[in-house]
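Reviewing the structure listed below.
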Amino acid sequence: MKKKFRDDSGMYLLEGVKPLKDALQMGISVETVFACEDKIEMAEELFASECHQMIGLSRELFSELSDTETSQGIISVVHKVSYSPSEFAERIGQGSNVIVLDRLQDPGNVGTIIRTAEAAGYGGIVVMKGSSDIYSPKVVRAAAGSLFRMPVVTGWDVSQLQEFVDNQGMKITVTCLENATNCYDADLREYIALVIGNEGQGVCADIMDIADVRVTIPMAGAIESLNAAVAAAILMYQPYRR
């Protein structure tokens with residue numbers, strides 16, 4: 001399923017048995033389950049009552065649909081979950097931190113950051129315009145179920161981000177090399193909107209201009225930057241050091 005169809009239909013593909021179980025546990029609506037011919041009986045037993053329709057496919061047809069090399073023989077079509085800014089604020093609660101993805105392009109980075117954000121106790125994810133589609137198969141796999149459990153809003157511009165953080169009393173926190181505080185000395189415990197910038201260009205100038213806190217991660221040797229997902233993990237886990 002291409003991005004255009006994901007956007008138009010409000011649905012996306014989910015591959016595997018456990019991801020589908022996780023989605024159902026979180027109340028995600030399942031439209032269709034496709035099962036490879038040797039998995040139809042298992043799929044009917046587990047999911048027939050949970051989806052609108054179930055379709056068996058030959059191995060050849062299923063392999064055309066599958067996006068993994070070692071498929072479990074189950075692919076489902078599930079509905080996206082969307083939040084208005086007020087619904088998003090209600091879900092994350094007062095005092096929670098959010099991670100902001102500013103034009104990140106690598107699906108592996110995006111999915112890994114979403115997964116790490118849940119593990120680090122963050123309240124939600126803000127995906128800015130120009131970022132990789134969080135419902136692409138690679139992001140969904142890398143997020144490993146966190147995409148169902150974490151509230152996510154997508155397609156925001158800088159003005160929407162500014163309004164949200166103002167209403168929540170949050171501080172926009174960015175990573176940069178100049179005029180920045182060592183992340184080990186910064187207080188990142190609560191009310192933080194932590195912005196992770198584009199892999200090649202960093203945080204955009206418009207967000208830099210409204211940032212409340214600038215932090216840097218100390219690096220030894222000749223290293224000038226870290227992988228976006230690694231940098232995000234280091235910063236999201238800083239509160240546990242205190």
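Within each chain, counting starts at residue 1; across the structure tokens, chains are named A, B, ... in the order shown, with ligands numbered 1 upward in that order.
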
Taking only segment 24-93 of chain A into account, list the residues labelled alpha helix (DSSP H) by DSSP (computed from the backbone), as a PyMOL selection string. chain A and resi 24-25+40-47+59-65+85-92

Any chance you can output those residues with N, CA and C atoms as an mmCIF file, in the first residue's frame?
data_model
loop_
_atom_site.group_PDB
_atom_site.id
_atom_site.type_symbol
_atom_site.label_atom_id
_atom_site.label_comp_id
_atom_site.auth_asym_id
_atom_site.auth_seq_id
_atom_site.Cartn_x
_atom_site.Cartn_y
_atom_site.Cartn_z
ATOM 1 N N LEU A 24 -4.993 -5.049 18.192
ATOM 2 C CA LEU A 24 -6.328 -5.396 18.686
ATOM 3 C C LEU A 24 -6.453 -5.124 20.178
ATOM 4 N N GLN A 25 -5.384 -5.412 20.910
ATOM 5 C CA GLN A 25 -5.400 -5.168 22.354
ATOM 6 C C GLN A 25 -5.597 -3.687 22.661
ATOM 7 N N ILE A 40 -4.201 -19.969 6.923
ATOM 8 C CA ILE A 40 -5.609 -19.565 6.949
ATOM 9 C C ILE A 40 -6.320 -20.102 8.191
ATOM 10 N N GLU A 41 -6.120 -21.365 8.508
ATOM 11 C CA GLU A 41 -6.792 -21.960 9.668
ATOM 12 C C GLU A 41 -6.394 -21.243 10.960
ATOM 13 N N MET A 42 -5.101 -20.972 11.110
ATOM 14 C CA MET A 42 -4.623 -20.254 12.289
ATOM 15 C C MET A 42 -5.194 -18.843 12.348
ATOM 16 N N ALA A 43 -5.235 -18.168 11.220
ATOM 17 C CA ALA A 43 -5.750 -16.806 11.171
ATOM 18 C C ALA A 43 -7.235 -16.755 11.520
ATOM 19 N N GLU A 44 -7.984 -17.715 11.027
ATOM 20 C CA GLU A 44 -9.420 -17.757 11.325
ATOM 21 C C GLU A 44 -9.654 -17.988 12.815
ATOM 22 N N GLU A 45 -8.847 -18.868 13.392
ATOM 23 C CA GLU A 45 -8.994 -19.169 14.816
ATOM 24 C C GLU A 45 -8.674 -17.959 15.689
ATOM 25 N N LEU A 46 -7.648 -17.200 15.306
ATOM 26 C CA LEU A 46 -7.200 -16.083 16.131
ATOM 27 C C LEU A 46 -7.953 -14.783 15.872
ATOM 28 N N PHE A 47 -8.282 -14.525 14.583
ATOM 29 C CA PHE A 47 -8.696 -13.170 14.231
ATOM 30 C C PHE A 47 -10.036 -13.043 13.511
ATOM 31 N N ARG A 59 0.545 -18.603 -2.034
ATOM 32 C CA ARG A 59 1.889 -18.173 -1.648
ATOM 33 C C ARG A 59 2.406 -17.083 -2.585
ATOM 34 N N GLU A 60 2.122 -17.254 -3.877
ATOM 35 C CA GLU A 60 2.614 -16.299 -4.861
ATOM 36 C C GLU A 60 2.012 -14.920 -4.637
ATOM 37 N N LEU A 61 0.692 -14.855 -4.451
ATOM 38 C CA LEU A 61 0.037 -13.568 -4.225
ATOM 39 C C LEU A 61 0.468 -12.955 -2.899
ATOM 40 N N PHE A 62 0.597 -13.792 -1.877
ATOM 41 C CA PHE A 62 0.981 -13.272 -0.565
ATOM 42 C C PHE A 62 2.384 -12.681 -0.608
ATOM 43 N N SER A 63 3.303 -13.321 -1.320
ATOM 44 C CA SER A 63 4.673 -12.810 -1.403
ATOM 45 C C SER A 63 4.718 -11.465 -2.107
ATOM 46 N N GLU A 64 3.790 -11.226 -3.022
ATOM 47 C CA GLU A 64 3.719 -9.926 -3.679
ATOM 48 C C GLU A 64 3.311 -8.834 -2.691
ATOM 49 N N LEU A 65 2.469 -9.205 -1.734
ATOM 50 C CA LEU A 65 1.971 -8.240 -0.752
ATOM 51 C C LEU A 65 2.943 -8.043 0.401
ATOM 52 N N PRO A 85 -5.355 18.524 18.315
ATOM 53 C CA PRO A 85 -4.414 19.023 19.320
ATOM 54 C C PRO A 85 -4.931 18.898 20.748
ATOM 55 N N SER A 86 -6.227 19.150 20.958
ATOM 56 C CA SER A 86 -6.780 19.057 22.310
ATOM 57 C C SER A 86 -6.839 17.605 22.783
ATOM 58 N N GLU A 87 -7.184 16.689 21.883
ATOM 59 C CA GLU A 87 -7.206 15.267 22.245
ATOM 60 C C GLU A 87 -5.795 14.770 22.546
ATOM 61 N N PHE A 88 -4.845 15.240 21.762
ATOM 62 C CA PHE A 88 -3.447 14.868 21.987
ATOM 63 C C PHE A 88 -2.976 15.360 23.348
ATOM 64 N N ALA A 89 -3.305 16.607 23.669
ATOM 65 C CA ALA A 89 -2.912 17.168 24.967
ATOM 66 C C ALA A 89 -3.529 16.381 26.114
ATOM 67 N N GLU A 90 -4.772 15.973 25.946
ATOM 68 C CA GLU A 90 -5.452 15.206 26.994
ATOM 69 C C GLU A 90 -4.806 13.841 27.180
ATOM 70 N N ARG A 91 -4.403 13.208 26.063
ATOM 71 C CA ARG A 91 -3.785 11.884 26.150
ATOM 72 C C ARG A 91 -2.434 11.927 26.841
ATOM 73 N N ILE A 92 -1.619 12.942 26.547
ATOM 74 C CA ILE A 92 -0.267 12.939 27.116
ATOM 75 C C ILE A 92 -0.264 13.365 28.567
#

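Non-sequential neighbours of Arg241 of chain A (distance at most 12 Å, separation of 4 or more positions within a chain, only C-alpha atoms) are Ala120, Cys183, Tyr184, Asp185, Ala186, Asp187, Leu188, Arg189, Ile234, Leu235, Met236 and Tyr237 of chain A.
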
Identify, on the basis of only C-alpha atoms, every residue whose closest approach to Leu104 of chain A does not exceed 9 Å; exclude the query and any residue fewer than 3 positions from it along the same chain; express the result as a ChimeraX atom specification. /A:101,107,109-110,127-128,130-132,196-199,228

Could you give me, as a ChimeraX atom specification, the residues within 7 Å of Gly111 of chain A, counting only C-alpha atoms and dropping anything in the same chain fewer than 6 positions from it? /A:139-140,142-143

Dump of C-alpha atoms for the selected residues, as a compact mmCIF listing (two decimals), in the first residue's frame:
# COMPACT_ATOMS: atom_id res chain seq x y z
CA VAL A 139 8.52 2.57 10.43
CA VAL A 140 5.75 0.30 11.70
CA ALA A 142 10.88 -0.47 13.78
CA ALA A 143 8.33 0.99 16.22

Determine which residues of segment 7-207 of chain A DSSP labels as strand (DSSP E or B) from the backbone of this structure, then write them out as a ChimeraX atom specification. /A:11-15,30-36,51-57,74-79,98-101,124-128,152-156,171-175,181-182,192-196,198,202

What's around segment 4-14 of chain A at 8 Å? Count only C-alpha atoms, leave out sequence neighbours fewer than 4 positions away in its own chain, and write the answer as an NGL selection string. :A and (19-20 or 75-80 or 135-137 or 140)

Those selected residues, please, written with all heavy atoms and delivered as a short mmCIF file (atom, residue, chain, number, x, y, z; two decimals), in the first residue's frame.
data_model
loop_
_atom_site.label_atom_id
_atom_site.label_comp_id
_atom_site.auth_asym_id
_atom_site.auth_seq_id
_atom_site.Cartn_x
_atom_site.Cartn_y
_atom_site.Cartn_z
N PRO A 19 2.19 -8.09 16.04
CA PRO A 19 1.73 -6.72 15.81
C PRO A 19 0.21 -6.61 15.72
O PRO A 19 -0.38 -5.66 16.24
CB PRO A 19 2.41 -6.32 14.50
CG PRO A 19 3.65 -7.15 14.47
CD PRO A 19 3.25 -8.46 15.07
N LEU A 20 -0.41 -7.59 15.07
CA LEU A 20 -1.86 -7.55 14.97
C LEU A 20 -2.51 -7.77 16.33
O LEU A 20 -3.49 -7.10 16.69
CB LEU A 20 -2.34 -8.61 13.97
CG LEU A 20 -3.86 -8.71 13.76
CD1 LEU A 20 -4.47 -7.36 13.43
CD2 LEU A 20 -4.18 -9.73 12.67
N ILE A 75 -0.97 -10.62 7.08
CA ILE A 75 -0.90 -9.18 6.82
C ILE A 75 -2.30 -8.60 7.03
O ILE A 75 -3.28 -9.13 6.49
CB ILE A 75 -0.41 -8.88 5.39
CG1 ILE A 75 1.01 -9.39 5.19
CG2 ILE A 75 -0.48 -7.37 5.11
CD1 ILE A 75 1.52 -9.24 3.76
N SER A 76 -2.39 -7.56 7.80
CA SER A 76 -3.70 -6.96 8.08
C SER A 76 -3.76 -5.51 7.61
O SER A 76 -2.74 -4.83 7.50
CB SER A 76 -4.01 -7.03 9.59
OG SER A 76 -2.91 -6.55 10.35
N VAL A 77 -4.95 -5.08 7.33
CA VAL A 77 -5.22 -3.68 6.98
C VAL A 77 -5.91 -3.06 8.19
O VAL A 77 -7.03 -3.46 8.55
CB VAL A 77 -6.11 -3.57 5.74
CG1 VAL A 77 -6.37 -2.10 5.39
CG2 VAL A 77 -5.47 -4.29 4.55
N VAL A 78 -5.26 -2.09 8.83
CA VAL A 78 -5.79 -1.51 10.05
C VAL A 78 -5.98 0.00 9.88
O VAL A 78 -5.35 0.63 9.04
CB VAL A 78 -4.87 -1.78 11.27
CG1 VAL A 78 -4.69 -3.27 11.47
CG2 VAL A 78 -3.51 -1.12 11.09
N HIS A 79 -6.86 0.55 10.71
CA HIS A 79 -7.19 1.97 10.61
C HIS A 79 -6.20 2.81 11.43
O HIS A 79 -5.80 2.43 12.53
CB HIS A 79 -8.61 2.22 11.14
CG HIS A 79 -9.67 1.69 10.23
ND1 HIS A 79 -10.37 2.50 9.36
CD2 HIS A 79 -10.16 0.44 10.05
CE1 HIS A 79 -11.25 1.78 8.69
NE2 HIS A 79 -11.13 0.52 9.08
N LYS A 80 -5.83 3.96 10.86
CA LYS A 80 -5.01 4.92 11.60
C LYS A 80 -5.81 5.49 12.76
O LYS A 80 -7.04 5.52 12.73
CB LYS A 80 -4.58 6.08 10.69
CG LYS A 80 -3.70 5.68 9.52
CD LYS A 80 -3.38 6.93 8.70
CE LYS A 80 -2.52 6.61 7.50
NZ LYS A 80 -2.23 7.84 6.69
N TYR A 135 3.44 5.60 8.94
CA TYR A 135 2.68 4.38 8.68
C TYR A 135 3.28 3.54 7.55
O TYR A 135 2.65 2.61 7.08
CB TYR A 135 1.23 4.73 8.36
CG TYR A 135 0.52 5.35 9.54
CD1 TYR A 135 0.25 6.73 9.57
CD2 TYR A 135 0.13 4.58 10.63
CE1 TYR A 135 -0.39 7.31 10.67
CE2 TYR A 135 -0.50 5.15 11.71
CZ TYR A 135 -0.76 6.51 11.73
OH TYR A 135 -1.38 7.08 12.81
N SER A 136 4.51 3.88 7.13
CA SER A 136 5.18 3.03 6.15
C SER A 136 5.58 1.73 6.83
O SER A 136 5.80 1.69 8.04
CB SER A 136 6.41 3.74 5.59
OG SER A 136 7.43 3.82 6.58
N PRO A 137 5.68 0.65 6.06
CA PRO A 137 6.00 -0.66 6.69
C PRO A 137 7.28 -0.65 7.51
O PRO A 137 7.35 -1.26 8.58
CB PRO A 137 6.12 -1.60 5.48
CG PRO A 137 5.24 -0.98 4.44
CD PRO A 137 5.39 0.51 4.63
N VAL A 140 6.63 1.12 10.87
CA VAL A 140 5.75 0.30 11.70
C VAL A 140 6.54 -0.85 12.33
O VAL A 140 6.39 -1.15 13.52
CB VAL A 140 4.56 -0.23 10.87
CG1 VAL A 140 3.75 -1.24 11.69
CG2 VAL A 140 3.67 0.92 10.42
#

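Every protein, DNA or RNA residue with an atom at most 7 Å from Cys36 of chain A, where only C-alpha atoms count and chain neighbours fewer than 6 positions away do not, is listed here: Gly56, Leu57, Ser58, Arg59, Phe62, Gly73 and Ile74 of chain A.
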
At a cut-off of 12 Å, using only C-alpha atoms, what residues contact Gly93 of chain A? Leave out same-chain residues fewer than 3 positions from it and give the result as number ranges by chain. A: 86-90, 96-98, 122-124, 151, 168-170, 190-191

With distances taken over only C-alpha atoms, which of A:Glu178, A:Glu224, A:Asp206, A:Glu50 is nearest to Asp157 of chain A? A:Asp206
